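The block underneath contains the structure these notes are about, expressed in structure tokens.
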Amino acid sequence: MLAKVTDTAAGTAPSSATPSSPAQRVRSVTDDDRAHVFHSWSAQAQISPPEITWAEGSRFETADGTRYLDFSSQLVNVNIGYQHPKLVEAIQRQAGRLLTVSPAFANDMRSEAARLIAEVAPGDLDSVFFTNGGAEATENAMRMARLHTGRQKVLTTYRSYHGATAGAIAATGEPRRWPSEPSVPGIVHFWGPYLYRSAFHASTEDEERDRALQHLRDTIMVEGPQTIAAIMLESVVGTNGVLVPPPGYLAGVREICDEHGIVFIADEVMAGFGRCGEWFAIDRWEVTPDLICFAKGVNSGYVPLGGVVISRAIADTFADRPYPGGLTYSGHPLACASAVASIGIFREEGILEHVRGVEETVLRPGLEAIAARHPSVGEVRGVGFMYAVELVRSRVSREPLVPFNASGEAAAPMAEFAAECKRLGLWPFVHFNRTHVVPPCTTTADEMREGLEKLDAALEVTDRHTA
């Protein structure tokens with residue numbers, strides 16, 4: 001069958017094949033979406049995704065003309081903001097010179113991206129294995145650890161998310177793993193530190209650190225240290241609470257790993273590349289892991305890209321032994337070009353310094369003031385542009401505003417809150433009983449104040465559910 005004839009002057013389909021008005025175009029997009037797009041993490045008949053028609057900086061607009069200030073960075077990945085002109089230009093330039101090559105060939109953008117990433121990584125992590133995203137990064141990090149140690153078990157926390165591929169979802173601790181079970185064997189979950197809801201009955205950060213580390217030691221003891229390949233942690237737990245580790249915890253994990261010959265994997269897919277005001281969040285605690293998983297903020301998702309930064313010892317394991325893993329699009333030139341440009345922008349525009357400055361002068365004090373005003377706010381915590389507001393029915397009992405993993409009517413208070421945020425022109429990131437404050441790392445101080453004002457107003461809804 002011949003392809004549809006196009007208008008040779010415009011290079012587009014004839015006008016009769018396209019909607020004749022904006023309203024018709026919107027209907028066409030949403031109708032086609034419902035008819036043909038299968039959405040992740042969703043009951044297909046129960047969703048109606050809005051269409052984004054414009055985005056710039058920290059804002060986007062939907063097809064109905066509503067403009068939002070984005071406090072979600074989409075999936076906490078648009079760190080450099082929407083449509084950054086330098087990044088767009090770099091992608092366009094690379095598309096014009098070399099779009100794709102097999103991973104078996106060298107190309108200048110992959111080499112440069114790897115060099116730049118290794119340059120900002122801690123310690124002797126100076127090799128990069130590129131993937132298409134975060135889940136593939138954690139999959140390959142676990143594989144590397146297993147092959148390096150000759151062991152099989154990987155320890156991760158219950159409050160964690162590491163991706164949705166087979167191994168990554170098994171490593172995930174939160175409920176999204178449940179439907180995939182039984183899954184990849186060899187994963188053991190344990191409790192990480194979370195002082196506000198301490199599993200260890202701790203009352204101070206020092207107690208929480210010490211008891212969490214002892215719990216990890218006890219878990220290793222009963223699992224058998226000689227069977228454990230890796231401990232994989234989100235340096236700052238992301239979707240499952242923005243849990244900032246107490247001082248000394250990550251250093252303690254490093255010590256335990258060294259003691260037993262266990263590989264320490266830092267999952268920085270969400271926390272890395274400016275999100276916490278550092279190249280990698282773990283830098284705040286001056287701890288060097290053996291492997292770092294990255295994605296998201298490395299190029300703000302402009303082109304799919306992720307990877308693993310590898311220590312010299314683990315890289316040497318495969319010096320004369322083939323690494324049994326690969327991806328057709330590993331180190332894709334277009335994606336790597338966007339990473340090179342993004343790292344350059346971070347440096348030229350002082351984005352890490354910007355995040356730290358706005359956090360110190362606007363974000364943290366603003367959230368602390370909001371917490372003082374609203375009885376539904378149990379705790380505010382975070383670092384950089386990665387904060388969580390934990391919502392409760394009672395500050396005394398700390399009962400969550402909605403139950404763990406709530407859905408349907410049980411989740412209604414959070415749904416009401418999210419709807420009010422959107423009505424006010426703020427796009428939130430909500431999970432369980434929390435709203436996260438995770439705007440693009442380029443968000444200005446004035447935009448941050450604007451967003452906090454809208455958040456402050458929306459919390460009137462959750463206050464109505466307090467005792």
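By convention in this document, the chains of the structure tokens carry letters A, B, ... by their order, each chain's residues are numbered from 1, and ligands are numbered from 1 in the order they are shown.
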
Notebook entry, point to check: If you count only C-alpha atoms, which residues fall within 7 Å of segment 246-263 of chain A, apart from same-chain ones fewer than 3 positions away, as a VMD selection string?
Noted result: chain A and resid 145 205 209 213 225 228 to 231 287 290

Mind writing the picked residues with N, CA and C atoms as a CSV table (one decimal), in the first residue's frame?
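again16.csv was written with the following content:
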```csv
chain,number,residue,atom,x,y,z
A,145,ALA,N,28.0,-6.5,40.6
A,145,ALA,CA,28.3,-6.9,42.0
A,145,ALA,C,28.4,-8.4,42.2
A,205,GLU,N,18.6,11.3,66.3
A,205,GLU,CA,19.3,10.9,65.0
A,205,GLU,C,20.4,9.9,65.3
A,209,ARG,N,20.6,6.2,63.8
A,209,ARG,CA,21.7,5.7,63.1
A,209,ARG,C,22.3,4.4,63.6
A,213,LEU,N,22.0,0.7,61.9
A,213,LEU,CA,23.3,0.0,61.5
A,213,LEU,C,23.3,-1.4,62.2
A,225,PRO,N,27.2,-13.4,55.6
A,225,PRO,CA,27.9,-12.4,54.9
A,225,PRO,C,28.6,-12.9,53.6
A,228,ILE,N,26.4,-12.5,50.4
A,228,ILE,CA,25.9,-11.2,50.1
A,228,ILE,C,26.8,-10.5,49.1
A,229,ALA,N,26.3,-10.2,47.9
A,229,ALA,CA,27.1,-9.5,46.9
A,229,ALA,C,27.1,-8.0,47.1
A,230,ALA,N,25.9,-7.5,47.5
A,230,ALA,CA,25.8,-6.0,47.5
A,230,ALA,C,24.8,-5.5,48.5
A,231,ILE,N,25.0,-4.3,48.9
A,231,ILE,CA,23.9,-3.5,49.6
A,231,ILE,C,23.7,-2.4,48.7
A,287,VAL,N,31.3,10.0,51.4
A,287,VAL,CA,31.4,8.5,51.3
A,287,VAL,C,31.5,8.1,49.9
A,290,ASP,N,31.0,1.8,45.7
A,290,ASP,CA,31.7,1.0,44.7
A,290,ASP,C,31.1,1.2,43.3
```

Next item on the list: For segment 59-65 of chain A, please output as number ranges by chain all residues within 10 Å (counting only C-alpha atoms; exclusion window: fewer than 6 positions along the same chain).
Entry: A: 22-23, 25-27, 29-30, 50-53, 71, 73, 81-82, 425-427, 439-440, 443, 447

Note to self: To one decimal place in Å, what is the distance between atom CA of Thr227 of chain A and atom CA of Ala141 of chain A?
What the structure shows: 16.9 Å

Check: Could you pull out the strand (DSSP E or B) residues of segment 339-467 of chain A from DSSP and send them as a PyMOL selection string?
Finding: chain A and resi 377-383+386-392+400+426-427+429-431+434-437

Restricting it to N, CA and C atoms, dump the selection as a short mmCIF file (atom, residue, chain, number, x, y, z; two decimals), in the first residue's frame.
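File written: selection-v2.cif
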```cif
data_model
loop_
_atom_site.label_atom_id
_atom_site.label_comp_id
_atom_site.auth_asym_id
_atom_site.auth_seq_id
_atom_site.Cartn_x
_atom_site.Cartn_y
_atom_site.Cartn_z
N VAL A 377 0.51 19.09 58.91
CA VAL A 377 1.91 18.84 58.56
C VAL A 377 2.60 18.21 59.77
N GLY A 378 2.98 16.95 59.62
CA GLY A 378 3.68 16.28 60.71
C GLY A 378 5.16 16.56 60.71
N GLU A 379 5.75 16.54 59.53
CA GLU A 379 7.19 16.80 59.43
C GLU A 379 7.52 17.31 58.04
N VAL A 380 8.53 18.17 57.99
CA VAL A 380 9.14 18.61 56.74
C VAL A 380 10.60 18.15 56.78
N ARG A 381 11.08 17.54 55.70
CA ARG A 381 12.45 17.06 55.67
C ARG A 381 12.96 17.07 54.23
N GLY A 382 14.27 17.18 54.09
CA GLY A 382 14.84 17.13 52.76
C GLY A 382 16.19 17.77 52.69
N VAL A 383 16.67 17.90 51.46
CA VAL A 383 17.96 18.51 51.19
C VAL A 383 17.95 18.99 49.74
N MET A 386 14.92 18.75 47.09
CA MET A 386 14.29 17.45 47.28
C MET A 386 13.75 17.40 48.70
N TYR A 387 12.50 17.81 48.86
CA TYR A 387 11.87 17.88 50.18
C TYR A 387 10.55 17.11 50.17
N ALA A 388 10.14 16.67 51.35
CA ALA A 388 8.84 16.03 51.53
C ALA A 388 8.10 16.71 52.67
N VAL A 389 6.81 16.84 52.50
CA VAL A 389 5.91 17.33 53.54
C VAL A 389 5.03 16.14 53.93
N GLU A 390 5.23 15.63 55.13
CA GLU A 390 4.47 14.47 55.58
C GLU A 390 3.18 14.94 56.24
N LEU A 391 2.06 14.44 55.74
CA LEU A 391 0.75 14.89 56.18
C LEU A 391 0.10 13.87 57.11
N VAL A 392 -0.45 14.38 58.21
CA VAL A 392 -0.98 13.52 59.27
C VAL A 392 -2.36 13.99 59.70
N PRO A 400 -0.96 8.78 59.76
CA PRO A 400 -0.89 9.34 58.40
C PRO A 400 -2.25 9.86 57.93
N LEU A 426 -0.54 24.84 40.61
CA LEU A 426 0.67 24.18 41.08
C LEU A 426 0.55 22.69 40.78
N TRP A 427 1.55 22.12 40.10
CA TRP A 427 1.50 20.69 39.82
C TRP A 427 2.31 19.95 40.88
N PHE A 429 3.72 16.60 43.38
CA PHE A 429 4.16 15.20 43.35
C PHE A 429 3.71 14.60 44.67
N VAL A 430 2.70 13.73 44.63
CA VAL A 430 2.18 13.13 45.85
C VAL A 430 2.43 11.63 45.84
N HIS A 431 2.67 11.09 47.02
CA HIS A 431 2.86 9.65 47.18
C HIS A 431 2.47 9.27 48.60
N ARG A 434 2.20 11.90 51.53
CA ARG A 434 3.19 12.97 51.42
C ARG A 434 3.01 13.75 50.12
N THR A 435 3.37 15.03 50.19
CA THR A 435 3.60 15.78 48.97
C THR A 435 5.07 16.16 48.95
N HIS A 436 5.70 15.95 47.81
CA HIS A 436 7.13 16.23 47.69
C HIS A 436 7.32 17.57 46.98
N VAL A 437 8.30 18.31 47.42
CA VAL A 437 8.64 19.59 46.79
C VAL A 437 9.92 19.36 46.01
#
```

Notebook entry, point to check: Mind pulling up the distance from atom CA of Ser311 of chain A to atom CA of Arg115 of chain A?
Noted result: 13.7 Å

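The shortest atom-to-atom distance to Glu208 of chain A, with only C-alpha atoms taken into account, belongs to A:Pro245 out of A:Pro245, A:Ile343, A:Arg356, A:Arg464.
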
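Comparing A:Ile80, A:Ser58, A:Arg93, A:Lys454 by their smallest distance to Glu420 of chain A, the closest is A:Lys454 (using only C-alpha atoms).
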
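Counting only C-alpha atoms, the residue from A:Ala295, A:Leu216, A:Val396, A:Ile370 that sits nearest to Val78 of chain A is A:Ala295.
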
Notebook entry, point to check: DSSP on the backbone: what in segment 158-286 of chain A comes out alpha helix (DSSP H), as a count of residues only?
Noted result: 37

Note to self: Applying 10 Å and only C-alpha atoms, which residues near Ala271 of chain A remain after dropping the ones on its own chain fewer than 2 positions away? List them as a PyMOL selection string.
What the structure shows: chain A and resi 76-77+234-238+242+266-269+273-282+294-297+383-386

Take the selection from the previous step and output its residues with C-alpha atoms, as an mmCIF file, in the first residue's frame.
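Output below, filename selection_17.cif:
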```cif
data_model
loop_
_atom_site.group_PDB
_atom_site.id
_atom_site.type_symbol
_atom_site.label_atom_id
_atom_site.label_comp_id
_atom_site.auth_asym_id
_atom_site.auth_seq_id
_atom_site.Cartn_x
_atom_site.Cartn_y
_atom_site.Cartn_z
ATOM 1 C CA VAL A 76 11.754 14.283 39.497
ATOM 2 C CA ASN A 77 13.949 14.309 36.420
ATOM 3 C CA GLU A 234 19.187 5.299 47.526
ATOM 4 C CA SER A 235 21.599 7.869 48.974
ATOM 5 C CA VAL A 236 18.510 9.925 49.793
ATOM 6 C CA VAL A 237 15.368 7.817 49.552
ATOM 7 C CA GLY A 238 13.215 9.389 46.841
ATOM 8 C CA VAL A 242 12.680 11.792 50.877
ATOM 9 C CA ALA A 266 24.485 3.980 45.607
ATOM 10 C CA ASP A 267 21.262 4.413 43.627
ATOM 11 C CA GLU A 268 21.447 8.087 42.651
ATOM 12 C CA VAL A 269 18.914 7.896 39.828
ATOM 13 C CA PHE A 273 22.955 15.644 39.316
ATOM 14 C CA GLY A 274 21.921 18.699 41.285
ATOM 15 C CA ARG A 275 18.761 17.430 42.945
ATOM 16 C CA CYS A 276 20.428 17.517 46.365
ATOM 17 C CA GLY A 277 22.729 20.438 45.584
ATOM 18 C CA GLU A 278 25.657 18.159 44.675
ATOM 19 C CA TRP A 279 26.761 16.205 41.634
ATOM 20 C CA PHE A 280 25.891 13.110 43.626
ATOM 21 C CA ALA A 281 23.938 13.254 46.877
ATOM 22 C CA ILE A 282 26.352 10.892 48.622
ATOM 23 C CA PHE A 294 22.395 7.419 37.582
ATOM 24 C CA ALA A 295 19.782 8.596 35.063
ATOM 25 C CA LYS A 296 17.097 11.335 35.256
ATOM 26 C CA GLY A 297 19.045 14.502 36.066
ATOM 27 C CA VAL A 383 17.962 18.509 51.194
ATOM 28 C CA GLY A 384 18.620 20.651 48.117
ATOM 29 C CA PHE A 385 15.512 20.784 45.930
ATOM 30 C CA MET A 386 14.293 17.450 47.282
#
```

Checklist line | Leu155 of chain A environment, 6 Å, only C-alpha atoms, sequence neighbours closer than 3 positions dropped, as a PyMOL selection string | finding: chain A and resi 187-189+231

Expected file contents, prior selection, N, CA and C atoms, as a PDB file, in the first residue's frame:
```pdb
ATOM      1  N   ILE A 187      17.052 -11.422  46.654  1.00  0.00           N
ATOM      2  CA  ILE A 187      16.878 -10.086  47.228  1.00  0.00           C
ATOM      3  C   ILE A 187      16.408 -10.218  48.670  1.00  0.00           C
ATOM      4  N   VAL A 188      17.056  -9.477  49.560  1.00  0.00           N
ATOM      5  CA  VAL A 188      16.679  -9.448  50.974  1.00  0.00           C
ATOM      6  C   VAL A 188      16.431  -7.989  51.358  1.00  0.00           C
ATOM      7  N   HIS A 189      15.272  -7.731  51.966  1.00  0.00           N
ATOM      8  CA  HIS A 189      14.950  -6.363  52.380  1.00  0.00           C
ATOM      9  C   HIS A 189      15.185  -6.165  53.874  1.00  0.00           C
ATOM     10  N   ILE A 231      24.971  -4.328  48.931  1.00  0.00           N
ATOM     11  CA  ILE A 231      23.935  -3.544  49.595  1.00  0.00           C
ATOM     12  C   ILE A 231      23.655  -2.362  48.684  1.00  0.00           C
TER      13      ILE A 231
END
```

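Counting only C-alpha atoms and comparing A:Pro333, A:Pro179, A:Gly357, A:Gly123, the residue that lies closest to Pro304 of chain A is A:Pro333.
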
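Atom pair atom CA of Arg110 of chain A / atom CA of Gly331 of chain A: separated by 5.5 Å.
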
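In this comparison, which uses only C-alpha atoms, the residue of A:Ser376, A:Ser394, A:Asn107, A:Thr239 approaching Leu459 of chain A most closely is A:Ser376.
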
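Nearest residue to Ser40 of chain A among A:Ala164, A:Val244, A:Ala369, A:Ser111 is A:Ala164, counting only C-alpha atoms.
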
Item checked: Neighbour list for Glu349 of chain A as an NGL selection string, cut-off 12 Å, only C-alpha atoms, skip fewer than 4 positions in-chain -> :A and (80 or 84 or 86 or 341-345 or 353-355 or 441-442)

Store the residues picked out above in a file with N, CA and C atoms, as a CSV table (one decimal), in the first residue's frame.
```csv
chain,number,residue,atom,x,y,z
A,80,ILE,N,17.1,20.4,34.9
A,80,ILE,CA,17.6,21.6,34.2
A,80,ILE,C,16.5,22.5,33.7
A,84,HIS,N,15.5,23.9,27.8
A,84,HIS,CA,16.7,24.8,28.0
A,84,HIS,C,17.4,25.0,26.6
A,86,LYS,N,20.2,25.9,25.4
A,86,LYS,CA,21.6,25.3,25.1
A,86,LYS,C,21.5,23.8,24.9
A,341,ALA,N,26.2,18.4,27.2
A,341,ALA,CA,25.7,19.8,27.2
A,341,ALA,C,25.2,20.1,28.6
A,342,SER,N,24.5,19.1,29.2
A,342,SER,CA,23.8,19.4,30.5
A,342,SER,C,24.9,19.6,31.6
A,343,ILE,N,25.9,18.8,31.6
A,343,ILE,CA,27.0,19.0,32.6
A,343,ILE,C,27.6,20.4,32.4
A,344,GLY,N,27.8,20.8,31.1
A,344,GLY,CA,28.4,22.1,30.8
A,344,GLY,C,27.5,23.2,31.4
A,345,ILE,N,26.2,23.0,31.2
A,345,ILE,CA,25.2,24.1,31.7
A,345,ILE,C,25.2,24.1,33.2
A,353,GLU,N,25.2,25.6,43.0
A,353,GLU,CA,25.2,26.7,44.0
A,353,GLU,C,23.9,27.3,44.1
A,354,HIS,N,23.2,27.4,43.0
A,354,HIS,CA,21.8,28.0,43.0
A,354,HIS,C,20.9,27.2,43.8
A,355,VAL,N,20.9,25.9,43.7
A,355,VAL,CA,20.1,25.0,44.5
A,355,VAL,C,20.4,25.2,46.0
A,441,CYS,N,15.7,22.2,39.1
A,441,CYS,CA,16.9,22.8,39.9
A,441,CYS,C,17.2,24.3,39.4
A,442,THR,N,16.5,24.7,38.3
A,442,THR,CA,16.7,26.0,37.8
A,442,THR,C,15.6,27.0,38.3
```

Next item on the list: Fewer than 5 positions away in the same chain doesn't count, so skip those; otherwise give me all residues within 12 Å of segment 315-322 of chain A, counting only C-alpha atoms, as a VMD selection string.
Entry: chain A and resid 124 to 129 141 144 to 150 290 to 291 308 to 310
